[in-house]
Each structure stands twice: as C-alpha cells, then as structure tokens.
$ cat entry20.cif   # mmCIF, C-alpha atoms
data_query
loop_
_atom_site.group_PDB
_atom_site.id
_atom_site.type_symbol
_atom_site.label_atom_id
_atom_site.label_comp_id
_atom_site.auth_asym_id
_atom_site.auth_seq_id
_atom_site.Cartn_x
_atom_site.Cartn_y
_atom_site.Cartn_z
ATOM 1 C CA TYR A 1 0.000 0.000 0.000
ATOM 2 C CA ALA A 2 2.983 2.297 0.530
ATOM 3 C CA PRO A 3 6.669 2.208 -0.407
ATOM 4 C CA ILE A 4 7.709 3.659 2.966
ATOM 5 C CA ILE A 5 6.378 3.091 6.467
ATOM 6 C CA ILE A 6 7.057 5.655 9.183
ATOM 7 C CA PHE A 7 6.677 4.553 12.794
ATOM 8 C CA SER A 8 6.462 7.349 15.329
ATOM 9 C CA GLY A 9 6.650 7.460 19.115
ATOM 10 C CA ALA A 10 9.049 7.703 22.014
ATOM 11 C CA ALA A 11 9.415 5.102 24.734
ATOM 12 C CA SER A 12 6.920 5.333 27.557
ATOM 13 C CA ASP A 13 9.754 4.060 29.765
ATOM 14 C CA PRO A 14 12.961 6.006 29.048
ATOM 15 C CA ASP A 15 15.024 2.892 29.829
ATOM 16 C CA SER A 16 13.362 0.792 27.130
ATOM 17 C CA VAL A 17 13.105 0.737 23.356
ATOM 18 C CA SER A 18 10.927 3.416 21.766
ATOM 19 C CA ASN A 19 7.422 2.633 20.538
ATOM 20 C CA ALA A 20 8.629 3.415 17.003
ATOM 21 C CA ALA A 21 11.548 0.960 17.259
ATOM 22 C CA ALA A 22 9.292 -1.723 18.742
ATOM 23 C CA MET A 23 6.837 -1.341 15.842
ATOM 24 C CA LYS A 24 9.735 -1.458 13.371
ATOM 25 C CA ASN A 25 10.967 -4.725 14.890
ATOM 26 C CA ILE A 26 7.488 -6.253 14.622
ATOM 27 C CA ALA A 27 7.180 -5.134 10.992
ATOM 28 C CA ILE A 28 10.565 -6.607 10.076
ATOM 29 C CA LYS A 29 9.618 -9.923 11.705
ATOM 30 C CA ALA A 30 6.422 -9.825 9.618
ATOM 31 C CA GLY A 31 8.454 -9.494 6.411
ATOM 32 C CA VAL A 32 8.634 -5.743 5.801
ATOM 33 C CA PRO A 33 12.107 -4.833 4.503
ATOM 34 C CA ALA A 34 14.060 -2.685 6.973
ATOM 35 C CA SER A 35 14.984 -0.402 4.069
ATOM 36 C CA ALA A 36 11.287 0.546 3.715
ATOM 37 C CA ILE A 37 10.951 1.685 7.333
ATOM 38 C CA LEU A 38 11.714 5.057 8.885
ATOM 39 C CA VAL A 39 11.389 5.792 12.597
ATOM 40 C CA GLU A 40 10.715 8.941 14.565
ATOM 41 C CA GLU A 41 11.517 8.231 18.209
ATOM 42 C CA ASP A 42 11.097 11.580 19.978
ATOM 43 C CA SER A 43 7.328 12.164 19.990
ATOM 44 C CA VAL A 44 5.550 11.839 23.316
ATOM 45 C CA ASP A 45 2.049 12.863 22.181
ATOM 46 C CA THR A 46 -0.127 13.169 19.090
ATOM 47 C CA TYR A 47 0.883 16.763 18.392
ATOM 48 C CA GLU A 48 4.569 15.823 18.388
ATOM 49 C CA ASN A 49 3.858 12.689 16.300
ATOM 50 C CA ALA A 50 2.338 14.932 13.643
ATOM 51 C CA GLN A 51 4.976 17.666 13.782
ATOM 52 C CA ASN A 52 7.987 15.346 13.791
ATOM 53 C CA THR A 53 6.590 12.961 11.209
ATOM 54 C CA ALA A 54 5.608 15.895 8.966
ATOM 55 C CA ARG A 55 9.289 16.880 8.787
ATOM 56 C CA ILE A 56 10.194 13.380 7.603
ATOM 57 C CA ILE A 57 7.337 13.377 5.092
ATOM 58 C CA LYS A 58 8.434 16.721 3.664
ATOM 59 C CA ASN A 59 12.118 15.672 3.533
ATOM 60 C CA GLN A 60 11.130 12.513 1.644
ATOM 61 C CA ASN A 61 8.924 14.500 -0.781
ATOM 62 C CA ILE A 62 5.942 12.312 0.050
ATOM 63 C CA SER A 63 2.714 13.649 -1.457
ATOM 64 C CA SER A 64 0.137 11.573 0.431
ATOM 65 C CA ILE A 65 -0.053 9.221 3.386
ATOM 66 C CA ILE A 66 -2.186 6.489 4.841
ATOM 67 C CA LEU A 67 -2.507 7.422 8.507
ATOM 68 C CA VAL A 68 -2.931 4.291 10.606
ATOM 69 C CA THR A 69 -3.728 4.408 14.288
ATOM 70 C CA SER A 70 -6.217 3.003 16.762
ATOM 71 C CA PRO A 71 -9.894 3.703 16.059
ATOM 72 C CA TYR A 72 -10.395 5.919 19.120
ATOM 73 C CA HIS A 73 -7.316 7.958 18.160
ATOM 74 C CA GLN A 74 -7.935 8.300 14.415
ATOM 75 C CA ARG A 75 -9.894 11.551 14.407
ATOM 76 C CA ARG A 76 -7.506 13.402 16.723
ATOM 77 C CA ALA A 77 -4.464 12.108 14.837
ATOM 78 C CA SER A 78 -5.980 13.078 11.494
ATOM 79 C CA ILE A 79 -6.659 16.622 12.687
ATOM 80 C CA GLU A 80 -3.095 17.043 13.996
ATOM 81 C CA PHE A 81 -1.501 15.574 10.872
ATOM 82 C CA GLN A 82 -3.629 17.762 8.588
ATOM 83 C CA ARG A 83 -2.535 20.828 10.569
ATOM 84 C CA ALA A 84 1.120 19.785 10.352
ATOM 85 C CA LEU A 85 1.046 18.879 6.653
ATOM 86 C CA GLY A 86 -1.344 21.505 5.329
ATOM 87 C CA LYS A 87 -4.966 21.466 4.256
ATOM 88 C CA ASP A 88 -4.142 20.427 0.689
ATOM 89 C CA PHE A 89 -2.041 17.405 1.693
ATOM 90 C CA THR A 90 -3.807 14.079 1.080
ATOM 91 C CA ILE A 91 -4.346 11.934 4.165
ATOM 92 C CA ILE A 92 -6.153 8.606 3.908
ATOM 93 C CA ASN A 93 -7.320 7.489 7.346
ATOM 94 C CA HIS A 94 -7.363 3.811 8.231
ATOM 95 C CA SER A 95 -7.951 2.542 11.740
ATOM 96 C CA THR A 96 -6.444 -0.632 13.079
ATOM 97 C CA SER A 97 -8.599 -3.310 14.651
ATOM 98 C CA ASP A 98 -9.050 -3.089 18.401
ATOM 99 C CA GLU A 99 -10.919 -5.854 20.168
ATOM 100 C CA ASN A 100 -11.441 -3.624 23.235
ATOM 101 C CA TRP A 101 -12.999 -0.684 21.400
ATOM 102 C CA ARG A 102 -16.092 -0.604 19.192
ATOM 103 C CA ARG A 103 -17.331 2.491 17.395
ATOM 104 C CA SER A 104 -20.929 1.467 17.925
ATOM 105 C CA ALA A 105 -20.635 0.799 21.654
ATOM 106 C CA TRP A 106 -17.498 2.387 23.159
ATOM 107 C CA TRP A 107 -19.541 4.137 25.859
ATOM 108 C CA LYS A 108 -20.931 0.828 27.197
ATOM 109 C CA ASN A 109 -17.590 -0.422 28.508
ATOM 110 C CA THR A 110 -15.665 1.399 31.262
ATOM 111 C CA TYR A 111 -12.304 0.637 29.662
ATOM 112 C CA SER A 112 -13.419 1.933 26.246
ATOM 113 C CA LEU A 113 -15.109 4.958 27.761
ATOM 114 C CA ASN A 114 -11.990 5.969 29.708
ATOM 115 C CA LEU A 115 -9.754 5.314 26.712
ATOM 116 C CA THR A 116 -11.902 7.440 24.410
ATOM 117 C CA LEU A 117 -12.242 10.332 26.813
ATOM 118 C CA SER A 118 -8.551 10.370 27.691
#
$ encode --input "entry20.cif" --output "structure tokens"
Amino acid sequence: YAPIIIFSGAASDPDSVSNAAAMKNIAIKAGVPASAILVEEDSVDTYENAQNTARIIKNQNISSIILVTSPYHQRRASIEFQRALGKDFTIINHSTSDENWRRSAWWKNTYSLNLTLS
C-alpha cells in the first residue's frame, strides 16, 4: 500500500526501546524490509507525532499518506496531521482493529469509555 512506512513514538519508559523501534521490529519480523521503514523516536504525544513525522514526510517529498492508528485515536491524529502537513495534503485514514474498542458501543464499557475520553 505504501513504499515507505514511518513509525512514530518515544518510549513510555525512558530505559526501554521506543514505541517506534518496537513497531519497526514487529514489521521486520512480519516481512517488511528494513529499508522501507523510517522511525521517529522523539514524539511523546499526538501533536509531536504529527509535527515530527511531517518533517520526515516533507524531507522525503511524500505527497500523500495512509494514517494508521487506533480507532479511538484516528480523528484526533488526522486533525493534527492535517494541521502539520497543510490542508491540501492528502491523508487517507485507516484505523487498526481493536478488540477492546467498538465504534458502535465504546460508551458501554468502562475501559473503552476511559480510553476514548482520555
């Protein structure tokens, strides 16, 4: 679907591997060539994910992206990435599957409710 994958996110524990590096390792084990993966390991929130990843996107002369994140995070991430990349930049949103969160019933489960509102 894309020639390059960018994983973004710092480590939640400063003494461990970053979220971006962990995702890269999983992708490589799943058969994605390491040469097709870029990582951004400094972002600690959605705003920084968008800002830092936008710099990579611009440096790579990428003209559109498929933005993949969890379903409860997709709207917020899309808004931040559109702000960082500009209103004319093409973003295709695609949520991952999440067995703990359902669009049609997230408010019925305490875990999903807290996750959505946080």
$ resolve_selection --input "entry20.cif" --expression "the PyMOL selection byres ((chain A and resi 2-9) around 10)" --output "PyMOL selection string"
chain A and resi 1+10-12+18-24+27+32-46+48-50+52-53+56-57+60+62+64-68
$ write_last_selection --input "entry20.cif" --atoms "C-alpha atoms" --output "short mmCIF file (atom, residue, chain, number, x, y, z; two decimals), in the coordinates of the input"
data_model
loop_
_atom_site.label_atom_id
_atom_site.label_comp_id
_atom_site.auth_asym_id
_atom_site.auth_seq_id
_atom_site.Cartn_x
_atom_site.Cartn_y
_atom_site.Cartn_z
CA TYR A 1 0.00 0.00 0.00
CA ALA A 10 9.05 7.70 22.01
CA ALA A 11 9.41 5.10 24.73
CA SER A 12 6.92 5.33 27.56
CA SER A 18 10.93 3.42 21.77
CA ASN A 19 7.42 2.63 20.54
CA ALA A 20 8.63 3.42 17.00
CA ALA A 21 11.55 0.96 17.26
CA ALA A 22 9.29 -1.72 18.74
CA MET A 23 6.84 -1.34 15.84
CA LYS A 24 9.74 -1.46 13.37
CA ALA A 27 7.18 -5.13 10.99
CA VAL A 32 8.63 -5.74 5.80
CA PRO A 33 12.11 -4.83 4.50
CA ALA A 34 14.06 -2.68 6.97
CA SER A 35 14.98 -0.40 4.07
CA ALA A 36 11.29 0.55 3.72
CA ILE A 37 10.95 1.68 7.33
CA LEU A 38 11.71 5.06 8.88
CA VAL A 39 11.39 5.79 12.60
CA GLU A 40 10.72 8.94 14.56
CA GLU A 41 11.52 8.23 18.21
CA ASP A 42 11.10 11.58 19.98
CA SER A 43 7.33 12.16 19.99
CA VAL A 44 5.55 11.84 23.32
CA ASP A 45 2.05 12.86 22.18
CA THR A 46 -0.13 13.17 19.09
CA GLU A 48 4.57 15.82 18.39
CA ASN A 49 3.86 12.69 16.30
CA ALA A 50 2.34 14.93 13.64
CA ASN A 52 7.99 15.35 13.79
CA THR A 53 6.59 12.96 11.21
CA ILE A 56 10.19 13.38 7.60
CA ILE A 57 7.34 13.38 5.09
CA GLN A 60 11.13 12.51 1.64
CA ILE A 62 5.94 12.31 0.05
CA SER A 64 0.14 11.57 0.43
CA ILE A 65 -0.05 9.22 3.39
CA ILE A 66 -2.19 6.49 4.84
CA LEU A 67 -2.51 7.42 8.51
CA VAL A 68 -2.93 4.29 10.61
#
$ atom_distance --input "entry20.cif" --atom1 "CA of Tyr72 in chain A" --atom2 "CA of Ile91 in chain A"
17.2 Å
$ atom_distance --input "entry20.cif" --atom1 "CA of Ser78 in chain A" --atom2 "CA of Asn93 in chain A"
7.1 Å
$ closest_residue --input "entry20.cif" --among "A:Ala54, A:Lys87, A:Ser95, A:Phe81" --to "Thr69 in chain A" --atoms "only C-alpha atoms"
A:Ser95
$ closest_residue --input "entry20.cif" --among "A:Pro71, A:Asn59, A:Gln51, A:Leu117" --to "His94 in chain A" --atoms "only C-alpha atoms"
A:Pro71
$ atom_distance --input "entry20.cif" --atom1 "CA of Gly31 in chain A" --atom2 "CA of Ile92 in chain A"
23.4 Å
$ closest_residue --input "entry20.cif" --among "A:Ile28, A:Lys58, A:Thr116, A:Thr110" --to "Arg76 in chain A" --atoms "only C-alpha atoms"
A:Thr116
$ build_atoms --input "entry20.cif" --residues "range 43-70 of chain A" --atoms "N, CA and C atoms" --output "mmCIF file, keeping the file's coordinate frame"
data_model
loop_
_atom_site.group_PDB
_atom_site.id
_atom_site.type_symbol
_atom_site.label_atom_id
_atom_site.label_comp_id
_atom_site.auth_asym_id
_atom_site.auth_seq_id
_atom_site.Cartn_x
_atom_site.Cartn_y
_atom_site.Cartn_z
ATOM 1 N N SER A 43 8.682 11.686 19.691
ATOM 2 C CA SER A 43 7.328 12.164 19.990
ATOM 3 C C SER A 43 6.751 11.517 21.239
ATOM 4 N N VAL A 44 6.180 12.358 22.095
ATOM 5 C CA VAL A 44 5.550 11.839 23.316
ATOM 6 C C VAL A 44 4.035 12.017 23.309
ATOM 7 N N ASP A 45 3.493 12.690 22.286
ATOM 8 C CA ASP A 45 2.049 12.863 22.181
ATOM 9 C C ASP A 45 1.659 13.021 20.708
ATOM 10 N N THR A 46 0.383 13.112 20.464
ATOM 11 C CA THR A 46 -0.127 13.169 19.090
ATOM 12 C C THR A 46 0.365 14.404 18.344
ATOM 13 N N TYR A 47 0.388 15.532 19.019
ATOM 14 C CA TYR A 47 0.883 16.763 18.392
ATOM 15 C C TYR A 47 2.320 16.566 17.902
ATOM 16 N N GLU A 48 3.173 16.036 18.770
ATOM 17 C CA GLU A 48 4.569 15.823 18.388
ATOM 18 C C GLU A 48 4.693 14.743 17.313
ATOM 19 N N ASN A 49 3.865 13.691 17.377
ATOM 20 C CA ASN A 49 3.858 12.689 16.300
ATOM 21 C C ASN A 49 3.652 13.382 14.954
ATOM 22 N N ALA A 50 2.666 14.245 14.894
ATOM 23 C CA ALA A 50 2.338 14.932 13.643
ATOM 24 C C ALA A 50 3.451 15.881 13.212
ATOM 25 N N GLN A 51 3.932 16.690 14.126
ATOM 26 C CA GLN A 51 4.976 17.666 13.782
ATOM 27 C C GLN A 51 6.267 16.985 13.333
ATOM 28 N N ASN A 52 6.724 16.014 14.098
ATOM 29 C CA ASN A 52 7.987 15.346 13.791
ATOM 30 C C ASN A 52 7.888 14.468 12.550
ATOM 31 N N THR A 53 6.772 13.797 12.383
ATOM 32 C CA THR A 53 6.590 12.961 11.209
ATOM 33 C C THR A 53 6.407 13.824 9.965
ATOM 34 N N ALA A 54 5.780 14.980 10.110
ATOM 35 C CA ALA A 54 5.608 15.895 8.966
ATOM 36 C C ALA A 54 6.966 16.314 8.410
ATOM 37 N N ARG A 55 7.947 16.524 9.266
ATOM 38 C CA ARG A 55 9.289 16.880 8.787
ATOM 39 C C ARG A 55 9.872 15.752 7.929
ATOM 40 N N ILE A 56 9.702 14.524 8.382
ATOM 41 C CA ILE A 56 10.194 13.380 7.603
ATOM 42 C C ILE A 56 9.466 13.302 6.273
ATOM 43 N N ILE A 57 8.152 13.445 6.304
ATOM 44 C CA ILE A 57 7.337 13.377 5.092
ATOM 45 C C ILE A 57 7.779 14.434 4.087
ATOM 46 N N LYS A 58 8.001 15.640 4.559
ATOM 47 C CA LYS A 58 8.434 16.721 3.664
ATOM 48 C C LYS A 58 9.838 16.465 3.131
ATOM 49 N N ASN A 59 10.754 15.972 3.978
ATOM 50 C CA ASN A 59 12.118 15.672 3.533
ATOM 51 C C ASN A 59 12.156 14.551 2.512
ATOM 52 N N GLN A 60 11.207 13.636 2.576
ATOM 53 C CA GLN A 60 11.130 12.513 1.644
ATOM 54 C C GLN A 60 10.300 12.849 0.396
ATOM 55 N N ASN A 61 9.775 14.068 0.343
ATOM 56 C CA ASN A 61 8.924 14.500 -0.781
ATOM 57 C C ASN A 61 7.727 13.582 -0.994
ATOM 58 N N ILE A 62 7.124 13.164 0.107
ATOM 59 C CA ILE A 62 5.942 12.312 0.050
ATOM 60 C C ILE A 62 4.724 13.198 -0.180
ATOM 61 N N SER A 63 3.851 12.793 -1.092
ATOM 62 C CA SER A 63 2.714 13.649 -1.457
ATOM 63 C C SER A 63 1.394 13.227 -0.819
ATOM 64 N N SER A 64 1.345 12.030 -0.251
ATOM 65 C CA SER A 64 0.137 11.573 0.431
ATOM 66 C C SER A 64 0.533 10.473 1.412
ATOM 67 N N ILE A 65 -0.320 10.268 2.406
ATOM 68 C CA ILE A 65 -0.053 9.221 3.386
ATOM 69 C C ILE A 65 -1.330 8.449 3.713
ATOM 70 N N ILE A 66 -1.124 7.254 4.200
ATOM 71 C CA ILE A 66 -2.186 6.489 4.841
ATOM 72 C C ILE A 66 -1.872 6.571 6.329
ATOM 73 N N LEU A 67 -2.722 7.230 7.075
ATOM 74 C CA LEU A 67 -2.507 7.422 8.507
ATOM 75 C C LEU A 67 -3.193 6.295 9.261
ATOM 76 N N VAL A 68 -2.401 5.461 9.912
ATOM 77 C CA VAL A 68 -2.931 4.291 10.606
ATOM 78 C C VAL A 68 -2.718 4.468 12.102
ATOM 79 N N THR A 69 -3.790 4.354 12.837
ATOM 80 C CA THR A 69 -3.728 4.408 14.288
ATOM 81 C C THR A 69 -4.951 3.683 14.843
ATOM 82 N N SER A 70 -5.078 3.676 16.139
ATOM 83 C CA SER A 70 -6.217 3.003 16.762
ATOM 84 C C SER A 70 -7.509 3.752 16.433
#
